[in-house]
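Have a look at the structure below, then the notes.
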Amino acid sequence: MSLLDNQVPAVLLRIDRNPFHHGTLGAVRSLGRAEVEVHVVADSTRSPVHTSRFVRRLHPPPRPGASPGDIAATLLRVAAHVARPAVLIPLDDASAIAAGRLREELAPAYLLPQQPDSLPERVADKARLAELCAAAGVPHPVTLVPDSAEDAAAAARRLGLPLVAKWSRPWLVPAGSGLRSTVLVRSAREARELFLRSAEAGSLLLLQTFLLPGPDHDWFCHGYADRTGAVRAGGTGRKHLAWPRGAGLTAVGRWTPNPQVTALAERLTRELGYRGIFDLDFRRCGSTGRYHLLDFNPRPGAQFRLFTDGSGLDVVRALHLDLTHRPLPADMPLPGRRFVVENYAPLAALRGAPAGQELAWHAADDPAPGRAMWALWSRRAAGRLASQVTDRLHPRTPTPANAPASAPRLVNQAGAPDITSITQITGITDDFREDEKASSC
């Protein structure tokens, strides 16, 4: 018998158009296996997700960049079809932010955690996150926000090269623009030219210091903050392999207890009054040994199924249990468990793991998505290669702009001045990628 209330459906919302978002499939399977009726509001008709036997129905999603009103209208249409209250689970930042803003409007059709409506947006905004970390005493990389193109060049010289440039609200970066949510900048001229595209990106340009990565530096922490604020389910993991190699999303990760990372995550969520699922990225600085928060995702991370414990509990199930006022079982951690994304790490997927392994796409009880993924991946890989060649042959030339120079603004300097940890978080730049995250110390 399922611990979950299978009379309460779940609606998964994803505005991002990436067909290879394996986190969506993970949520579908987690809830479907618990006999929960699963509705998917996403552009999944061309994704392997739609082949899963656990999907009850696909619904057309809001368009990228949709207004809150349009998103609310979409969700209320789905609610009319479902015809009873459902747990709403956002699966990308834009969806999480919209759900936070619309929580009162969507009730009682949808069940959502009780927290300040603006909080998901505040933690997802890279500039605001730096301020939140400073207030909570959580280490975060030094971050400068230039006020002009000349400020950007000056900030690059001040921070040292190379450095990382990122847009504060990556979900606003328009598809097809050629802009990445974060890039590695190697000259003051590059920083200046990037600033000139601020209006196109739709948010502030942030500049941060960069150091080369090293072994045992990349960590993540997933969890669910319940209605009392207690962090349940989830755990801490270490990234063993990234895609792209050394600078991307988790292709191979292992459940590895890390009390320091856990304490930082609990401190921040407690200080913020955060409720719901979170996915935090940390980087350990080789020179100081301290862990610095790089990213706060107010939603499930794509590899959340890594932290499925001995009772079958994960953060998605924890959310459903808590919002339906059912008790969560006692945590039964399974350290050493491994998560592998087969299309990024096929050899690792074949090797297996002594403590158990979760594959992103293949599952014996739901084989169709794995087969569909390989067929789609092969076709898209060829197309992506051709597109990259074209982009390199015809690079975008930014339009010059004149702006008065002034000193760059310091957003955050949490901790001692020797903080040199940084992240390069590459957002969705094509329909291949969920969230390339390039990390550095």
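In the structure tokens, chains take the letters A, B, ... in the order shown, each chain's residues start at 1, and ligands count up from 1 in the order shown.
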Where does DSSP see alpha helix (DSSP H) in stretch 30-261 of chain A, if you list the residues as a count of residues only?
75
Which of stretch 266-353 of chain A counts as strand (DSSP E) under DSSP, as a ChimeraX atom specification please?
/A:276-284,291-297,338-340
My list of candidates is A:Ala72, A:Ala201, A:Ala265, A:Leu194. Which is closest to A:Pro170 when distances are computed with only C-alpha atoms?
A:Ala201
Quick one: residues within 8 Å of A:Phe304, only C-alpha atoms, excluding same-chain residues fewer than 3 positions away - as number ranges by chain?
A: 23, 26, 222, 234, 300-301, 307-308, 314-315
Mind running stretch 242-320 of chain A against stretch 139-152 of chain A at 10 Å and telling me each contacting residue's nearest atom pair with the distance in Å (one decimal), counting only C-alpha atoms, chain and number ascending, as JSON lines?
```
{"residue": "A:Leu264", "atom": "CA", "partner": "A:Pro139", "partner_atom": "CA", "distance": 8.9}
{"residue": "A:Phe282", "atom": "CA", "partner": "A:His140", "partner_atom": "CA", "distance": 9.1}
{"residue": "A:Arg283", "atom": "CA", "partner": "A:His140", "partner_atom": "CA", "distance": 9.4}
{"residue": "A:Arg290", "atom": "CA", "partner": "A:Pro139", "partner_atom": "CA", "distance": 7.7}
{"residue": "A:Tyr291", "atom": "CA", "partner": "A:Pro139", "partner_atom": "CA", "distance": 6.9}
{"residue": "A:His292", "atom": "CA", "partner": "A:Pro139", "partner_atom": "CA", "distance": 4.7}
{"residue": "A:Leu293", "atom": "CA", "partner": "A:His140", "partner_atom": "CA", "distance": 5.3}
{"residue": "A:Leu294", "atom": "CA", "partner": "A:His140", "partner_atom": "CA", "distance": 6.6}
{"residue": "A:Asp295", "atom": "CA", "partner": "A:His140", "partner_atom": "CA", "distance": 9.4}
```
Dump of N, CA and C atoms for the selected residues, as a short mmCIF file (atom, residue, chain, number, x, y, z; two decimals), in the first residue's frame:
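out15.cif, freshly written:
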```cif
data_model
loop_
_atom_site.label_atom_id
_atom_site.label_comp_id
_atom_site.auth_asym_id
_atom_site.auth_seq_id
_atom_site.Cartn_x
_atom_site.Cartn_y
_atom_site.Cartn_z
N LEU A 264 25.11 24.21 6.33
CA LEU A 264 24.93 25.46 5.59
C LEU A 264 23.54 25.52 4.94
N PHE A 282 27.13 23.76 -4.20
CA PHE A 282 28.23 24.30 -3.42
C PHE A 282 29.56 24.00 -4.12
N ARG A 283 30.56 24.82 -3.78
CA ARG A 283 31.91 24.57 -4.26
C ARG A 283 32.88 24.74 -3.10
N ARG A 290 36.65 26.05 2.61
CA ARG A 290 35.25 26.38 2.92
C ARG A 290 34.35 26.10 1.72
N TYR A 291 33.10 25.82 2.04
CA TYR A 291 32.10 25.55 1.02
C TYR A 291 31.30 26.83 0.75
N HIS A 292 31.21 27.18 -0.52
CA HIS A 292 30.52 28.40 -0.92
C HIS A 292 29.27 28.05 -1.72
N LEU A 293 28.17 28.69 -1.37
CA LEU A 293 26.94 28.46 -2.12
C LEU A 293 27.02 29.15 -3.47
N LEU A 294 26.75 28.39 -4.51
CA LEU A 294 26.81 28.91 -5.87
C LEU A 294 25.45 29.14 -6.47
N ASP A 295 24.46 28.33 -6.09
CA ASP A 295 23.17 28.39 -6.74
C ASP A 295 22.11 27.84 -5.81
#
```
Considering only C-alpha atoms, return as a VMD selection string whatever protein or nucleic-acid residues lie within 12 Å of A:Thr324, sequence-local ones (same chain, fewer than 4 positions apart) excluded.
chain A and resid 3 to 10 85 to 88 110 to 113 226 to 227 317 to 320 328
Close residues, A:His217 itself excluded, 7 Å, only C-alpha atoms, min 3 positions apart in chain, as number ranges by chain
A: 213-214, 283-285
